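Next comes data11.cif, a file with mmCIF, C-alpha atoms.
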```
data_target
#
loop_
_atom_site.label_atom_id
_atom_site.label_comp_id
_atom_site.auth_asym_id
_atom_site.auth_seq_id
_atom_site.Cartn_x
_atom_site.Cartn_y
_atom_site.Cartn_z
CA MET N 1 -4.12 26.44 206.36
CA ASN N 2 -3.79 29.97 205.02
CA TYR N 3 -3.13 32.25 207.93
CA PRO N 4 -3.38 36.02 207.42
CA LYS N 5 0.04 37.54 206.84
CA GLY N 6 2.07 37.70 210.01
CA ILE N 7 -0.06 35.25 212.00
CA LYS N 8 2.17 32.26 211.31
CA GLU N 9 5.16 34.15 212.64
CA GLN N 10 3.23 34.96 215.78
CA ILE N 11 2.27 31.32 216.16
CA LYS N 12 5.84 30.19 215.74
CA LYS N 13 6.89 32.61 218.43
CA THR N 14 4.16 31.31 220.72
CA GLU N 15 5.26 27.74 220.17
CA THR N 16 8.81 28.58 221.10
CA LEU N 17 7.65 30.33 224.24
CA THR N 18 5.40 27.42 225.09
CA THR N 19 8.10 24.83 224.89
CA TYR N 20 10.51 26.99 226.84
CA GLY N 21 7.99 27.99 229.49
CA LYS N 22 6.80 24.45 230.05
CA ARG N 23 10.18 22.76 230.22
CA GLY N 24 10.10 20.29 233.06
CA MET N 25 6.42 20.76 233.78
CA THR N 26 4.61 17.55 234.38
CA LEU N 27 1.39 16.63 232.65
CA GLU N 28 -0.37 16.78 236.04
CA LYS N 29 0.80 20.33 236.68
CA GLU N 30 -0.20 21.41 233.18
CA ILE N 31 -3.66 19.84 233.50
CA ASN N 32 -4.14 21.50 236.90
CA ASP N 33 -3.21 24.86 235.37
CA SER N 34 -5.54 24.23 232.44
CA ASN N 35 -8.37 23.37 234.83
CA THR N 36 -7.70 26.56 236.80
CA TYR N 37 -7.90 28.47 233.52
CA TYR N 38 -11.17 26.73 232.59
CA ARG N 39 -12.64 27.56 235.99
CA GLU N 40 -11.49 31.17 236.05
CA SER N 41 -12.75 31.80 232.53
CA ASN N 42 -16.02 30.09 233.53
CA LYS N 43 -15.68 27.55 230.76
CA ALA N 44 -15.85 24.40 232.86
CA PHE N 45 -15.62 23.29 236.47
CA ILE N 46 -13.16 20.44 236.66
CA TYR N 47 -10.80 19.55 239.52
CA LYS N 48 -8.15 17.01 240.37
CA LYS N 49 -9.21 14.98 243.38
CA PRO N 50 -6.88 14.97 246.40
CA THR N 51 -4.50 12.01 246.63
CA PRO N 52 -6.07 9.27 248.74
CA ILE N 53 -4.17 8.79 251.98
CA LYS N 54 -4.64 6.35 254.82
CA ILE N 55 -3.86 8.12 258.08
CA THR N 56 -2.50 5.94 260.88
CA LYS N 57 -1.13 8.44 263.45
CA VAL N 58 -2.21 11.96 264.33
CA ALA N 59 -0.63 14.27 266.90
CA TYR N 60 -2.04 17.37 268.60
CA PRO N 61 0.93 19.67 269.36
CA ASN N 62 -1.52 22.14 270.92
CA THR N 63 -5.27 22.59 271.19
CA ASN N 64 -5.60 24.35 267.84
CA SER N 65 -3.43 22.19 265.64
CA LYS N 66 -3.44 18.68 264.35
CA VAL N 67 -0.49 17.06 262.58
CA ILE N 68 -0.49 13.78 260.69
CA LYS N 69 2.53 11.82 261.93
CA GLU N 70 2.11 8.63 259.92
CA ALA N 71 0.13 7.95 256.77
CA TYR N 72 0.33 5.82 253.64
CA PHE N 73 -0.59 6.39 250.02
CA ASP N 74 -3.77 4.48 249.21
CA VAL N 75 -4.51 2.80 245.90
CA PRO N 76 -6.90 5.20 244.14
CA SER N 77 -10.38 3.75 243.69
CA THR N 78 -11.41 6.32 241.11
CA THR N 79 -9.81 8.41 238.41
CA ASP N 80 -7.98 11.61 239.30
CA TYR N 81 -10.09 14.23 237.52
CA ASN N 82 -13.79 14.96 237.30
CA GLY N 83 -16.22 17.81 236.97
CA ILE N 84 -18.72 19.44 234.67
CA TYR N 85 -18.56 21.02 231.21
CA LYS N 86 -21.66 22.51 229.58
CA GLY N 87 -23.96 20.34 231.65
CA LYS N 88 -22.03 17.14 230.96
CA TYR N 89 -20.20 15.06 233.55
CA ILE N 90 -16.50 14.76 232.66
CA ASP N 91 -14.22 12.06 234.09
CA PHE N 92 -10.65 11.20 233.15
CA GLU N 93 -7.28 9.86 234.15
CA ALA N 94 -3.95 11.29 232.94
CA LYS N 95 -0.65 9.45 232.61
CA GLU N 96 2.84 10.07 231.27
CA THR N 97 5.20 7.59 229.71
CA LYS N 98 8.82 7.96 228.61
CA SER N 99 8.36 5.19 226.05
CA LYS N 100 8.56 6.24 222.40
CA THR N 101 6.54 3.30 221.14
CA SER N 102 3.75 2.34 223.53
CA PHE N 103 1.87 3.11 226.74
CA PRO N 104 2.44 0.36 229.34
CA LEU N 105 -0.88 -0.75 230.84
CA LYS N 106 0.70 -1.25 234.26
CA ASN N 107 0.55 2.58 234.50
CA ILE N 108 -3.21 2.47 234.93
CA HIS N 109 -5.12 0.43 237.52
CA ASP N 110 -7.76 -1.97 236.29
CA HIS N 111 -10.37 -0.41 238.58
CA GLN N 112 -9.65 2.99 237.02
CA ILE N 113 -10.46 1.51 233.61
CA GLN N 114 -13.65 0.00 235.05
CA HIS N 115 -14.44 3.36 236.61
CA LEU N 116 -14.23 5.11 233.22
CA LYS N 117 -16.43 2.42 231.68
CA ARG N 118 -19.08 2.68 234.38
CA CYS N 119 -19.14 6.50 234.39
CA ALA N 120 -19.73 6.37 230.64
CA LEU N 121 -22.64 3.94 231.16
CA HIS N 122 -24.24 6.60 233.38
CA GLY N 123 -23.88 9.18 230.60
CA GLY N 124 -20.53 10.80 231.35
CA ILE N 125 -17.79 11.79 228.89
CA CYS N 126 -14.87 9.63 229.98
CA PHE N 127 -11.35 9.35 228.66
CA LEU N 128 -7.66 8.83 229.23
CA ILE N 129 -5.00 11.46 228.50
CA VAL N 130 -1.56 10.01 227.77
CA ARG N 131 1.58 12.02 227.19
CA PHE N 132 4.56 10.46 225.46
CA THR N 133 7.05 12.76 227.16
CA THR N 134 10.06 11.90 225.00
CA LEU N 135 8.09 12.60 221.82
CA GLN N 136 6.23 15.55 223.41
CA GLU N 137 2.96 14.18 222.04
CA THR N 138 -0.23 14.11 224.12
CA TYR N 139 -3.31 12.07 223.18
CA LEU N 140 -6.86 11.84 224.40
CA LEU N 141 -8.34 8.33 224.07
CA PHE N 142 -12.06 7.93 224.81
CA GLN N 143 -13.01 5.09 227.13
CA HIS N 144 -14.79 3.11 224.39
CA ASP N 145 -11.61 3.03 222.31
CA LEU N 146 -9.58 2.09 225.38
CA LEU N 147 -12.05 -0.69 226.19
CA SER N 148 -12.15 -1.93 222.57
CA PHE N 149 -8.37 -2.28 222.60
CA LEU N 150 -8.40 -4.19 225.89
CA GLU N 151 -11.16 -6.52 224.69
CA GLU N 152 -9.46 -7.30 221.39
CA GLN N 153 -5.81 -7.42 222.41
CA SER N 154 -3.92 -9.28 225.07
CA ARG N 155 -0.90 -6.96 224.94
CA ASN N 156 0.39 -5.33 228.09
CA SER N 157 0.80 -1.97 226.38
CA ILE N 158 -1.09 0.18 223.91
CA PRO N 159 1.09 1.05 220.90
CA LEU N 160 1.57 4.71 219.97
CA SER N 161 0.07 3.85 216.57
CA TYR N 162 -3.25 3.06 218.28
CA PHE N 163 -3.29 6.49 219.93
CA ARG N 164 -2.47 8.06 216.56
CA GLU N 165 -5.25 6.10 214.86
CA LYS N 166 -8.07 6.14 217.44
CA GLY N 167 -7.05 8.92 219.83
CA PHE N 168 -7.06 12.67 219.39
CA ARG N 169 -3.86 14.69 219.57
CA VAL N 170 -4.24 17.30 222.31
CA PRO N 171 -3.17 20.71 220.99
CA ASP N 172 -0.04 22.04 222.64
CA LYS N 173 -0.91 25.62 223.51
CA TYR N 174 0.26 28.35 225.80
CA ILE N 175 -2.95 28.94 227.79
CA PRO N 176 -4.48 26.51 228.56
CA SER N 177 -1.50 24.29 227.89
CA VAL N 178 -3.49 21.02 227.73
CA ASP N 179 -6.66 22.12 225.98
CA TYR N 180 -8.52 18.82 226.12
CA LEU N 181 -11.91 20.55 226.10
CA GLU N 182 -11.22 21.61 222.51
CA ILE N 183 -11.44 17.92 221.61
CA ILE N 184 -14.58 17.37 223.71
CA GLU N 185 -16.13 20.35 221.96
CA GLN N 186 -15.28 18.94 218.53
CA VAL N 187 -16.50 15.43 219.26
CA TYR N 188 -19.50 16.14 221.52
CA GLY N 189 -20.35 19.71 220.47
CA GLY N 190 -23.83 18.71 219.30
CA VAL N 191 -24.95 17.25 222.61
CA LEU N 192 -23.49 19.90 224.89
CA ASN N 193 -25.64 22.40 226.69
CA ASP N 194 -24.64 25.79 225.26
CA LYS N 195 -27.08 27.89 227.26
CA MET C 1 -38.00 27.52 242.62
CA ASN C 2 -41.56 26.48 241.99
CA TYR C 3 -41.70 22.76 242.41
CA PRO C 4 -44.44 20.89 240.58
CA LYS C 5 -47.63 20.81 242.62
CA GLY C 6 -47.79 18.07 245.18
CA ILE C 7 -44.10 17.18 245.14
CA LYS C 8 -43.35 18.59 248.58
CA GLU C 9 -46.41 16.86 250.03
CA GLN C 10 -45.43 13.49 248.57
CA ILE C 11 -42.02 13.76 250.10
CA LYS C 12 -43.40 14.76 253.48
CA LYS C 13 -45.58 11.67 253.48
CA THR C 14 -42.60 9.34 252.98
CA GLU C 15 -42.55 6.92 255.90
CA THR C 16 -39.79 7.23 258.42
CA LEU C 17 -38.39 3.89 259.49
CA THR C 18 -36.88 3.30 262.89
CA THR C 19 -33.13 3.43 262.93
CA TYR C 20 -31.85 0.95 265.52
CA GLY C 21 -29.12 -0.38 263.26
CA LYS C 22 -27.76 3.06 262.54
CA ARG C 23 -27.34 4.30 266.10
CA GLY C 24 -24.03 6.13 266.39
CA MET C 25 -23.34 6.18 262.67
CA THR C 26 -22.19 9.50 261.32
CA LEU C 27 -23.85 11.18 258.38
CA GLU C 28 -20.60 10.80 256.42
CA LYS C 29 -20.50 7.06 256.98
CA GLU C 30 -24.16 6.69 256.05
CA ILE C 31 -23.73 8.71 252.87
CA ASN C 32 -20.65 6.67 251.93
CA ASP C 33 -22.65 3.47 252.44
CA SER C 34 -25.55 4.89 250.44
CA ASN C 35 -23.16 5.81 247.61
CA THR C 36 -21.70 2.29 247.67
CA TYR C 37 -25.25 0.94 247.40
CA TYR C 38 -26.01 3.29 244.49
CA ARG C 39 -22.85 2.21 242.69
CA GLU C 40 -23.31 -1.50 243.29
CA SER C 41 -26.93 -1.39 242.18
CA ASN C 42 -25.80 0.64 239.15
CA LYS C 43 -28.13 3.48 240.04
CA ALA C 44 -25.55 6.26 240.21
CA PHE C 45 -21.82 6.77 240.36
CA ILE C 46 -21.07 9.13 243.21
CA TYR C 47 -18.02 9.21 245.49
CA LYS C 48 -16.67 11.13 248.43
CA LYS C 49 -13.42 12.82 247.49
CA PRO C 50 -10.35 12.00 249.58
CA THR C 51 -9.54 14.48 252.35
CA PRO C 52 -7.08 17.10 251.06
CA ILE C 53 -3.72 16.78 252.78
CA LYS C 54 -0.55 18.81 252.47
CA ILE C 55 2.42 16.47 252.74
CA THR C 56 5.60 17.97 254.18
CA LYS C 57 7.81 14.93 254.97
CA VAL C 58 8.05 11.53 253.33
CA ALA C 59 10.33 8.65 254.34
CA TYR C 60 11.43 5.60 252.40
CA PRO C 61 11.98 2.77 254.90
CA ASN C 62 13.01 0.52 251.99
CA THR C 63 13.02 0.64 248.21
CA ASN C 64 9.42 -0.53 247.87
CA SER C 65 7.72 1.54 250.49
CA LYS C 66 6.96 5.15 251.12
CA VAL C 67 5.62 6.53 254.39
CA ILE C 68 4.27 10.01 255.03
CA LYS C 69 5.96 11.29 258.21
CA GLU C 70 4.46 14.75 258.41
CA ALA C 71 1.35 16.18 256.80
CA TYR C 72 -1.39 18.70 257.54
CA PHE C 73 -5.10 18.84 256.81
CA ASP C 74 -5.76 21.32 254.01
CA VAL C 75 -8.80 23.57 253.77
CA PRO C 76 -11.01 21.88 251.16
CA SER C 77 -11.39 23.93 247.97
CA THR C 78 -14.39 21.97 246.75
CA THR C 79 -17.32 20.08 248.19
CA ASP C 80 -16.86 16.53 249.46
CA TYR C 81 -19.13 14.59 247.10
CA ASN C 82 -19.60 14.49 243.36
CA GLY C 83 -20.48 12.13 240.56
CA ILE C 84 -23.11 11.28 238.01
CA TYR C 85 -26.77 10.23 238.15
CA LYS C 86 -28.74 9.52 234.97
CA GLY C 87 -26.44 11.69 232.89
CA LYS C 88 -26.54 14.61 235.32
CA TYR C 89 -23.59 15.96 237.26
CA ILE C 90 -24.27 15.81 241.01
CA ASP C 91 -22.34 17.87 243.57
CA PHE C 92 -22.98 18.31 247.28
CA GLU C 93 -21.65 18.92 250.75
CA ALA C 94 -22.92 17.18 253.90
CA LYS C 95 -22.83 18.51 257.45
CA GLU C 96 -24.12 17.57 260.87
CA THR C 97 -25.16 19.86 263.67
CA LYS C 98 -26.15 19.11 267.25
CA SER C 99 -28.25 22.26 267.38
CA LYS C 100 -32.01 21.75 267.64
CA THR C 101 -32.86 25.13 266.18
CA SER C 102 -30.47 26.14 263.40
CA PHE C 103 -27.49 25.20 261.23
CA PRO C 104 -24.46 27.40 262.04
CA LEU C 105 -22.96 28.76 258.83
CA LYS C 106 -19.44 28.49 260.23
CA ASN C 107 -19.81 24.75 259.52
CA ILE C 108 -19.53 25.36 255.79
CA HIS C 109 -16.73 27.27 254.06
CA ASP C 110 -17.68 30.20 251.89
CA HIS C 111 -15.75 28.75 248.92
CA GLN C 112 -17.82 25.57 249.23
CA ILE C 113 -20.99 27.65 248.88
CA GLN C 114 -19.46 29.40 245.87
CA HIS C 115 -18.48 26.00 244.50
CA LEU C 116 -22.11 24.79 244.65
CA LYS C 117 -23.28 27.98 242.98
CA ARG C 118 -20.75 27.74 240.16
CA CYS C 119 -21.37 24.03 239.54
CA ALA C 120 -25.07 24.81 239.21
CA LEU C 121 -24.29 27.55 236.66
CA HIS C 122 -22.59 24.87 234.56
CA GLY C 123 -25.73 22.72 234.71
CA GLY C 124 -25.09 20.50 237.72
CA ILE C 125 -27.57 19.46 240.41
CA CYS C 126 -26.04 20.97 243.55
CA PHE C 127 -27.15 20.89 247.15
CA LEU C 128 -26.34 20.72 250.82
CA ILE C 129 -27.38 17.86 253.11
CA VAL C 130 -27.73 18.85 256.76
CA ARG C 131 -28.50 16.48 259.59
CA PHE C 132 -29.84 17.81 262.87
CA THR C 133 -28.42 14.91 264.88
CA THR C 134 -30.29 15.61 268.11
CA LEU C 135 -33.62 15.71 266.27
CA GLN C 136 -32.62 12.89 263.90
CA GLU C 137 -33.87 14.94 260.97
CA THR C 138 -31.93 15.19 257.71
CA TYR C 139 -32.66 17.81 255.02
CA LEU C 140 -31.56 18.41 251.47
CA LEU C 141 -31.40 22.09 250.55
CA PHE C 142 -30.77 22.96 246.90
CA GLN C 143 -28.07 25.53 246.24
CA HIS C 144 -30.53 28.14 244.93
CA ASP C 145 -32.46 28.02 248.21
CA LEU C 146 -29.19 28.17 250.17
CA LEU C 147 -28.03 31.15 248.10
CA SER C 148 -31.42 32.91 248.41
CA PHE C 149 -31.17 32.66 252.18
CA LEU C 150 -27.64 34.05 252.22
CA GLU C 151 -28.55 36.93 249.93
CA GLU C 152 -31.62 37.93 251.94
CA GLN C 153 -30.43 37.31 255.48
CA SER C 154 -27.43 38.44 257.44
CA ARG C 155 -27.79 35.74 260.11
CA ASN C 156 -24.91 33.47 260.92
CA SER C 157 -27.09 30.37 260.95
CA ILE C 158 -29.96 28.94 258.93
CA PRO C 159 -32.98 28.20 261.15
CA LEU C 160 -34.46 24.72 261.13
CA SER C 161 -37.74 26.29 259.99
CA TYR C 162 -36.05 27.32 256.72
CA PHE C 163 -34.99 23.73 256.08
CA ARG C 164 -38.52 22.58 256.86
CA GLU C 165 -40.00 25.17 254.51
CA LYS C 166 -37.57 25.20 251.58
CA GLY C 167 -35.63 21.98 252.01
CA PHE C 168 -36.64 18.38 251.48
CA ARG C 169 -36.66 15.89 254.31
CA VAL C 170 -34.38 13.01 253.35
CA PRO C 171 -36.19 9.73 253.94
CA ASP C 172 -34.62 7.71 256.73
CA LYS C 173 -34.40 4.21 255.34
CA TYR C 174 -32.53 1.01 255.97
CA ILE C 175 -30.80 0.60 252.59
CA PRO C 176 -29.69 3.07 251.38
CA SER C 177 -29.87 4.89 254.68
CA VAL C 178 -29.59 8.41 253.22
CA ASP C 179 -31.62 8.09 250.03
CA TYR C 180 -31.05 11.58 248.69
CA LEU C 181 -31.47 10.41 245.09
CA GLU C 182 -35.14 9.81 245.81
CA ILE C 183 -35.48 13.58 246.19
CA ILE C 184 -33.43 14.28 243.07
CA GLU C 185 -35.66 11.84 241.19
CA GLN C 186 -38.85 13.52 242.36
CA VAL C 187 -37.67 17.07 241.74
CA TYR C 188 -35.63 16.58 238.56
CA GLY C 189 -37.22 13.38 237.23
CA GLY C 190 -38.38 15.10 234.06
CA VAL C 191 -34.93 16.22 232.97
CA LEU C 192 -33.03 13.08 233.87
CA ASN C 193 -31.71 10.71 231.23
CA ASP C 194 -33.66 7.49 231.74
CA LYS C 195 -32.15 5.71 228.72
#
```

The structure in this file should be written as structure tokens.
Amino acid sequence: MNYPKGIKEQIKKTETLTTYGKRGMTLEKEINDSNTYYRESNKAFIYKKPTPIKITKVAYPNTNSKVIKEAYFDVPSTTDYNGIYKGKYIDFEAKETKSKTSFPLKNIHDHQIQHLKRCALHGGICFLIVRFTTLQETYLLFQHDLLSFLEEQSRNSIPLSYFREKGFRVPDKYIPSVDYLEIIEQVYGGVLNDK
Amino acid sequence: MNYPKGIKEQIKKTETLTTYGKRGMTLEKEINDSNTYYRESNKAFIYKKPTPIKITKVAYPNTNSKVIKEAYFDVPSTTDYNGIYKGKYIDFEAKETKSKTSFPLKNIHDHQIQHLKRCALHGGICFLIVRFTTLQETYLLFQHDLLSFLEEQSRNSIPLSYFREKGFRVPDKYIPSVDYLEIIEQVYGGVLNDK
């Protein structure tokens, strides 16, 4: 790509800043920040759902307060993120792996995969975002490519090569740092409601 | 909004069934059951979000378990329910009141009202479901009618008469017990994706 003179230098500087600024930030935190950016710039309205908790004991230290004294993490029955972008329902799950070669399927619950499949049947745009943290590479894999892999393979992990072949590399930017909507725009641009 | 002629009358005529089996059930429980029915019958994919909790202490009784020992209920930043119906993003909040005359606005957070408004700007179908428990009457009020009221009135409650005039009475059925999608179907039928 031929950038106008000086632009490439700016970009290089941005990339350095990005990597430095994001050191230690988890994918979840970066996606939350990206969603905040999308909401504040009125681009999309997408949230992470609260973590499902099963509450077993509650105390009332005084009449106006209520404290949970015992609770357990529940197995999530849905994916973590959903919302709306240009009239379209968006639904996804995001996971990190330290592996340099593949994404272990034990990282995602079977009912989350079924959830993505069923949301897509109802007309949603559904996908998985996987970050290979050691490689600093993040991919978006649409549910139909995830499902195809699971139907055709009996492996317990999805190789990085499959993400590189069928997935979309999520651009590593400063703001928003995980700009997954750029991919949705490229792939689904024609059917989105641009009003 | 100008609804197509006759729509409001059709809805008013919908038969109200007796509700012996539901005595004592909360609106939340009935909506959850209705959503389960919608999902299992593959009609829609709509969930209640988990309650937002701020966790302050976690214990590890042994290597495989994790128990929350102190947590607080967070103020919700979004509405409680969202999902997809025939390709359309659906977003709503549900509230009960014992009042026989009006719905007190303190029952709904201002950011939840803003949330409904903003989701609608992105193309979602957004509304409030209010049950007057003493009267056993449940209404669906679309966000634009909710917002109109708030812009024109400085009252701290919405009178029942406003729900009767602008809202839609939710049919009281056996299964699903809160069939709000029947209203969505009648009002938005033309723009839904019936593929």

| the PyMOL selection byres ((chain N) within 7 of (chain C)) applied to the shown file, residues as an MDAnalysis selection string | chainID N and resid 44:45 49:52 67:72 84:89 119 122:124

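Across the structure, atom CA of C:Tyr60 and atom CA of N:Leu105 are spaced 25.6 Å apart.
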
| Who sits within 7 Å of C:Lys95, all atoms listed in the file, same chain under 2 positions skipped, as a list in words | Glu93, Thr97, Ile129, Val130 and Arg131 of chain C

| request: Please provide the set of residues having any atom within 7 Å of C:Thr133, restricted to only C-alpha atoms, with same-chain residues fewer than 4 positions apart removed, written as a list in words. | output: Glu96, Thr97, Lys98 and Glu137 of chain C

| message | With only C-alpha atoms as the counted atoms, please give the residues lying no more than 9 Å from C:Ile158, apart from itself and same-chain residues fewer than 3 positions off, as a list in words. | response |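 Near C:Ile158, the qualifying residues are Thr101, Ser102, Phe103, Pro104, Leu105, Leu146, Phe149, Leu150, Arg155, Ser161, Tyr162 and Phe163 of chain C.
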
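In this model, the gap between atom CA of N:Ile31 and atom CA of N:Asn156 comes to 26.1 Å.
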
| said: Residue by residue, what does the PyMOL selection byres ((chain C and resi 174-184) around 9) grab here? Present the result as a PyMOL selection string. | reply: chain C and resi 11+17-19+21-22+27+30-31+33-38+44+85+125+129+138+140+168-173+185-189

Generate a file of the selected residues that holds C-alpha atoms, formatted as a compact mmCIF listing (two decimals), in the frame of the given file.
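This went into selection_39.txt:
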```txt
# COMPACT_ATOMS: atom_id res chain seq x y z
CA ILE C 11 -42.02 13.76 250.10
CA LEU C 17 -38.39 3.89 259.49
CA THR C 18 -36.88 3.30 262.89
CA THR C 19 -33.13 3.43 262.93
CA GLY C 21 -29.12 -0.38 263.26
CA LYS C 22 -27.76 3.06 262.54
CA LEU C 27 -23.85 11.18 258.38
CA GLU C 30 -24.16 6.69 256.05
CA ILE C 31 -23.73 8.71 252.87
CA ASP C 33 -22.65 3.47 252.44
CA SER C 34 -25.55 4.89 250.44
CA ASN C 35 -23.16 5.81 247.61
CA THR C 36 -21.70 2.29 247.67
CA TYR C 37 -25.25 0.94 247.40
CA TYR C 38 -26.01 3.29 244.49
CA ALA C 44 -25.55 6.26 240.21
CA TYR C 85 -26.77 10.23 238.15
CA ILE C 125 -27.57 19.46 240.41
CA ILE C 129 -27.38 17.86 253.11
CA THR C 138 -31.93 15.19 257.71
CA LEU C 140 -31.56 18.41 251.47
CA PHE C 168 -36.64 18.38 251.48
CA ARG C 169 -36.66 15.89 254.31
CA VAL C 170 -34.38 13.01 253.35
CA PRO C 171 -36.19 9.73 253.94
CA ASP C 172 -34.62 7.71 256.73
CA LYS C 173 -34.40 4.21 255.34
CA GLU C 185 -35.66 11.84 241.19
CA GLN C 186 -38.85 13.52 242.36
CA VAL C 187 -37.67 17.07 241.74
CA TYR C 188 -35.63 16.58 238.56
CA GLY C 189 -37.22 13.38 237.23
```

| Quick one: distance from atom CA of C:Glu165 to atom CA of C:Asn107 in Å, one decimal? |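 Atom-to-atom, atom CA of C:Glu165 and atom CA of C:Asn107 are spaced 20.8 Å apart.
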
Box dimensions and centre (Å, one decimal) enclosing stretch 68-81 of chain C, axis-aligned, 4 Å extra per side, as lines of an AutoDock Vina configuration file:
```
center_x = -6.6
center_y = 17.0
center_z = 252.6
size_x = 33.1
size_y = 21.9
size_z = 19.7
```

| query | Which protein, DNA or RNA residues have an atom at most 8 Å from (9.2, 5.6, 220.3), counting all atoms listed in the file? List them as a ChimeraX atom specification. | reply | /N:99-102,134-135,160

| request: Point out the residue among N:Phe92, N:Phe132, N:Phe127, N:Phe142 with the least atom-to-atom distance to N:Lys166, counting only C-alpha atoms. | output: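 When distances to N:Lys166 are compared using only C-alpha atoms, the smallest one comes from N:Phe142.
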